[in-house]
Each structure stands twice: as C-alpha cells, then as structure tokens.
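Colleague: Dropping the structure in here first, questions after.
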Amino acid sequence: MTLLCHINDIDDDSSKGFSLGEDNLFAVKKDGGIFIYRNKCPHLGVELNWLEHQFLDSEGALIHCTTHGALFLIEDGTCVAGPCLGKSLEAVNFELVDGEIHLR
Ligand code: FES
C-alpha cells in the first residue's frame, strides 16, 4: 500500500490533486467522506483540471472536467452531464488507517 496523505491534509468540501509517478489522482472530501479517482476524463482521457487542486464545480457539488465541461458525481464518479454522459471516472481503492489514506 502507498501512503497518499492524512485526511486532515484535504480541506472539507474540497479537492486535492496528487502525482504518484505516472499516476495522477485526485481526492475529494465531502461531508467527512473521502473519494479518490484517477485524473483522467472518460471523454478524451485528458486531465480534468486546469488549476492545481481544483476539480469541483463552483458550488463544490460535482466534479468538473474543464476541457468540455463534463460533470461527475462525487460519490461514485458517474458522468451526469457532458459528452461522456453515463461513463465514469476510474475510482482508486484505498484504506483509512488511523486517519491516513493508503492506496491499495
Ligand atoms: S475531455 Fe473531459 S469533457 Fe471532454
């Protein structure tokens, strides 16, 4: 397992990007829950964000791809609007151990 960070390193209702070698990931903390996805839009396979650590829409309610505006549910990564409607972000499995996020 790979240590990603401590849950307190991610602010509530916000997102944070990580580079692990060739793997780019991002995590979202919402209502105390953590959700982690590969930073790869299912539309064209590009990274979702233009600005570092900014993966959410202006209301912080959905994950946003800045290239063509696709929107994804934070909880399961399903695209609910945009050109990849019905496809999903690739979730990354992890375990919480004493508040630390470990990738499987
Ligand atoms: S590349 Fe993400 S919506 Fe087109």
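Convention: chains lettered A, B, ... in structure tokens order; per-chain residue numbering from 1; ligands numbered from 1 as shown.
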To check your reading of the model: which residues sit at most 7 Å from ligand 1 when counting only C-alpha atoms and all ligand atoms? Write the answer as a VMD selection string.

Modeller: chain A and resid 41 to 46 48 65 to 70 82 to 84

Colleague: Please save N, CA, C and O atoms of the selected residues as a PDB file, in the first residue's frame.

Modeller:
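part16.pdb was written with the following content:
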ATOM      1  N   CYS A  41     -10.213  12.118 -17.687  1.00  0.00           N
ATOM      2  CA  CYS A  41     -11.610  12.241 -18.110  1.00  0.00           C
ATOM      3  C   CYS A  41     -11.971  11.079 -19.039  1.00  0.00           C
ATOM      4  O   CYS A  41     -11.228  10.790 -19.983  1.00  0.00           O
ATOM      5  N   PRO A  42     -13.118  10.415 -18.813  1.00  0.00           N
ATOM      6  CA  PRO A  42     -13.514   9.314 -19.705  1.00  0.00           C
ATOM      7  C   PRO A  42     -13.889   9.783 -21.106  1.00  0.00           C
ATOM      8  O   PRO A  42     -14.042   8.955 -22.004  1.00  0.00           O
ATOM      9  N   HIS A  43     -13.989  11.086 -21.322  1.00  0.00           N
ATOM     10  CA  HIS A  43     -14.287  11.578 -22.673  1.00  0.00           C
ATOM     11  C   HIS A  43     -13.053  11.443 -23.570  1.00  0.00           C
ATOM     12  O   HIS A  43     -13.055  10.649 -24.500  1.00  0.00           O
ATOM     13  N   LEU A  44     -11.974  12.166 -23.286  1.00  0.00           N
ATOM     14  CA  LEU A  44     -10.787  12.134 -24.150  1.00  0.00           C
ATOM     15  C   LEU A  44      -9.537  11.638 -23.445  1.00  0.00           C
ATOM     16  O   LEU A  44      -8.455  11.662 -24.026  1.00  0.00           O
ATOM     17  N   GLY A  45      -9.663  11.254 -22.185  1.00  0.00           N
ATOM     18  CA  GLY A  45      -8.512  10.721 -21.466  1.00  0.00           C
ATOM     19  C   GLY A  45      -7.537  11.773 -20.973  1.00  0.00           C
ATOM     20  O   GLY A  45      -6.420  11.448 -20.576  1.00  0.00           O
ATOM     21  N   VAL A  46      -7.953  13.032 -20.998  1.00  0.00           N
ATOM     22  CA  VAL A  46      -7.066  14.103 -20.528  1.00  0.00           C
ATOM     23  C   VAL A  46      -7.323  14.375 -19.042  1.00  0.00           C
ATOM     24  O   VAL A  46      -8.306  13.911 -18.460  1.00  0.00           O
ATOM     25  N   LEU A  48      -8.519  16.392 -15.792  1.00  0.00           N
ATOM     26  CA  LEU A  48      -9.761  17.154 -15.651  1.00  0.00           C
ATOM     27  C   LEU A  48      -9.536  18.625 -15.330  1.00  0.00           C
ATOM     28  O   LEU A  48     -10.347  19.471 -15.693  1.00  0.00           O
ATOM     29  N   CYS A  65     -14.910  18.531 -15.372  1.00  0.00           N
ATOM     30  CA  CYS A  65     -13.810  18.492 -16.343  1.00  0.00           C
ATOM     31  C   CYS A  65     -13.773  19.836 -17.053  1.00  0.00           C
ATOM     32  O   CYS A  65     -14.756  20.264 -17.661  1.00  0.00           O
ATOM     33  N   THR A  66     -12.625  20.495 -16.988  1.00  0.00           N
ATOM     34  CA  THR A  66     -12.544  21.847 -17.541  1.00  0.00           C
ATOM     35  C   THR A  66     -12.459  21.855 -19.070  1.00  0.00           C
ATOM     36  O   THR A  66     -12.684  22.892 -19.676  1.00  0.00           O
ATOM     37  N   THR A  67     -12.146  20.719 -19.689  1.00  0.00           N
ATOM     38  CA  THR A  67     -11.972  20.734 -21.144  1.00  0.00           C
ATOM     39  C   THR A  67     -13.295  20.942 -21.879  1.00  0.00           C
ATOM     40  O   THR A  67     -13.431  21.858 -22.685  1.00  0.00           O
ATOM     41  N   HIS A  68     -14.294  20.102 -21.605  1.00  0.00           N
ATOM     42  CA  HIS A  68     -15.601  20.275 -22.267  1.00  0.00           C
ATOM     43  C   HIS A  68     -16.750  20.352 -21.267  1.00  0.00           C
ATOM     44  O   HIS A  68     -17.908  20.206 -21.657  1.00  0.00           O
ATOM     45  N   GLY A  69     -16.433  20.498 -20.007  1.00  0.00           N
ATOM     46  CA  GLY A  69     -17.467  20.774 -19.016  1.00  0.00           C
ATOM     47  C   GLY A  69     -18.239  19.591 -18.479  1.00  0.00           C
ATOM     48  O   GLY A  69     -19.298  19.778 -17.877  1.00  0.00           O
ATOM     49  N   ALA A  70     -17.747  18.370 -18.663  1.00  0.00           N
ATOM     50  CA  ALA A  70     -18.464  17.218 -18.102  1.00  0.00           C
ATOM     51  C   ALA A  70     -18.543  17.344 -16.582  1.00  0.00           C
ATOM     52  O   ALA A  70     -17.629  17.872 -15.935  1.00  0.00           O
ATOM     53  N   GLY A  82     -22.659  16.237 -19.989  1.00  0.00           N
ATOM     54  CA  GLY A  82     -21.496  16.439 -20.840  1.00  0.00           C
ATOM     55  C   GLY A  82     -21.310  15.300 -21.823  1.00  0.00           C
ATOM     56  O   GLY A  82     -22.129  14.381 -21.893  1.00  0.00           O
ATOM     57  N   PRO A  83     -20.206  15.345 -22.589  1.00  0.00           N
ATOM     58  CA  PRO A  83     -20.027  14.427 -23.713  1.00  0.00           C
ATOM     59  C   PRO A  83     -19.771  12.973 -23.316  1.00  0.00           C
ATOM     60  O   PRO A  83     -19.847  12.097 -24.176  1.00  0.00           O
ATOM     61  N   CYS A  84     -19.468  12.711 -22.052  1.00  0.00           N
ATOM     62  CA  CYS A  84     -19.249  11.309 -21.632  1.00  0.00           C
ATOM     63  C   CYS A  84     -20.364  10.853 -20.695  1.00  0.00           C
ATOM     64  O   CYS A  84     -20.151   9.998 -19.827  1.00  0.00           O
TER      65      CYS A  84
END

Colleague: Excluding Met1 in chain A and its own-chain neighbours fewer than 6 positions away, which residues fall within 7 Å of it when counting only C-alpha atoms? Please give them as number ranges by chain.

Modeller: A: 102-104

Colleague: Would you export the selected residues with N, CA, C and O atoms as a compact mmCIF listing (two decimals), in the first residue's frame, please?

Modeller:
# COMPACT_ATOMS: atom_id res chain seq x y z
N HIS A 102 -4.29 5.23 2.61
CA HIS A 102 -3.33 4.32 1.97
C HIS A 102 -3.98 3.76 0.71
O HIS A 102 -5.08 3.17 0.77
N LEU A 103 -3.29 3.89 -0.42
CA LEU A 103 -3.81 3.33 -1.68
C LEU A 103 -3.52 1.84 -1.72
O LEU A 103 -2.46 1.39 -1.27
N ARG A 104 -4.47 1.08 -2.29
CA ARG A 104 -4.25 -0.36 -2.38
C ARG A 104 -3.50 -0.71 -3.64
O ARG A 104 -3.63 -0.06 -4.65

Colleague: Choose the residue, out of A:Leu73, A:Leu89, A:Gly17, A:Ile7, that has the smallest atom-to-atom separation from Trp50 in chain A; count only C-alpha atoms.

Modeller: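 Of all the options, A:Gly17 lies closest to Trp50 in chain A.
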
Colleague: As an exercise, work out the distance from CA of Gly99 in chain A to CA of His64 in chain A in Å and give it to one decimal place.

Modeller: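 Going from CA of Gly99 in chain A over to CA of His64 in chain A covers 26.7 Å.
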
Colleague: Measure the distance from CA of Gly33 in chain A to CA of Thr78 in chain A in Å and round it to one decimal.

Modeller: 16.9 Å

Colleague: What residues in chain A get the DSSP label strand (DSSP E or B)? Please answer as a ChimeraX atom specification.

Modeller: /A:2-6,14-20,23-30,33-38,56,62-64,71-73,78-81,88,91,94-97,100-103

Colleague: Taking into account only C-alpha atoms, which residue in the set A:Phe55, A:Asp13, A:Asn8, A:Val80 is nearest to Leu25 in chain A?

Modeller: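 The closest residue to Leu25 in chain A is A:Phe55.
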
Colleague: To one decimal place in Å, what is the distance between CA of Gly77 in chain A and CA of Phe94 in chain A?

Modeller: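 Distance between the two atoms: 15.3 Å.
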
Colleague: Nearest to Asp23 in chain A among A:Val92, A:Gly60, A:Ile74, A:Ile10, with distances taken over only C-alpha atoms: which residue is it?

Modeller: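 Of A:Val92, A:Gly60, A:Ile74, A:Ile10, the one nearest Asp23 in chain A, counting only C-alpha atoms, is A:Val92.
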
Colleague: For each of A:Ile34, A:Val28, A:Cys79, A:Leu20, take the minimum atom-to-atom distance to Leu56 in chain A, counting only C-alpha atoms, then give the residue where this is smallest.

Modeller: A:Val28
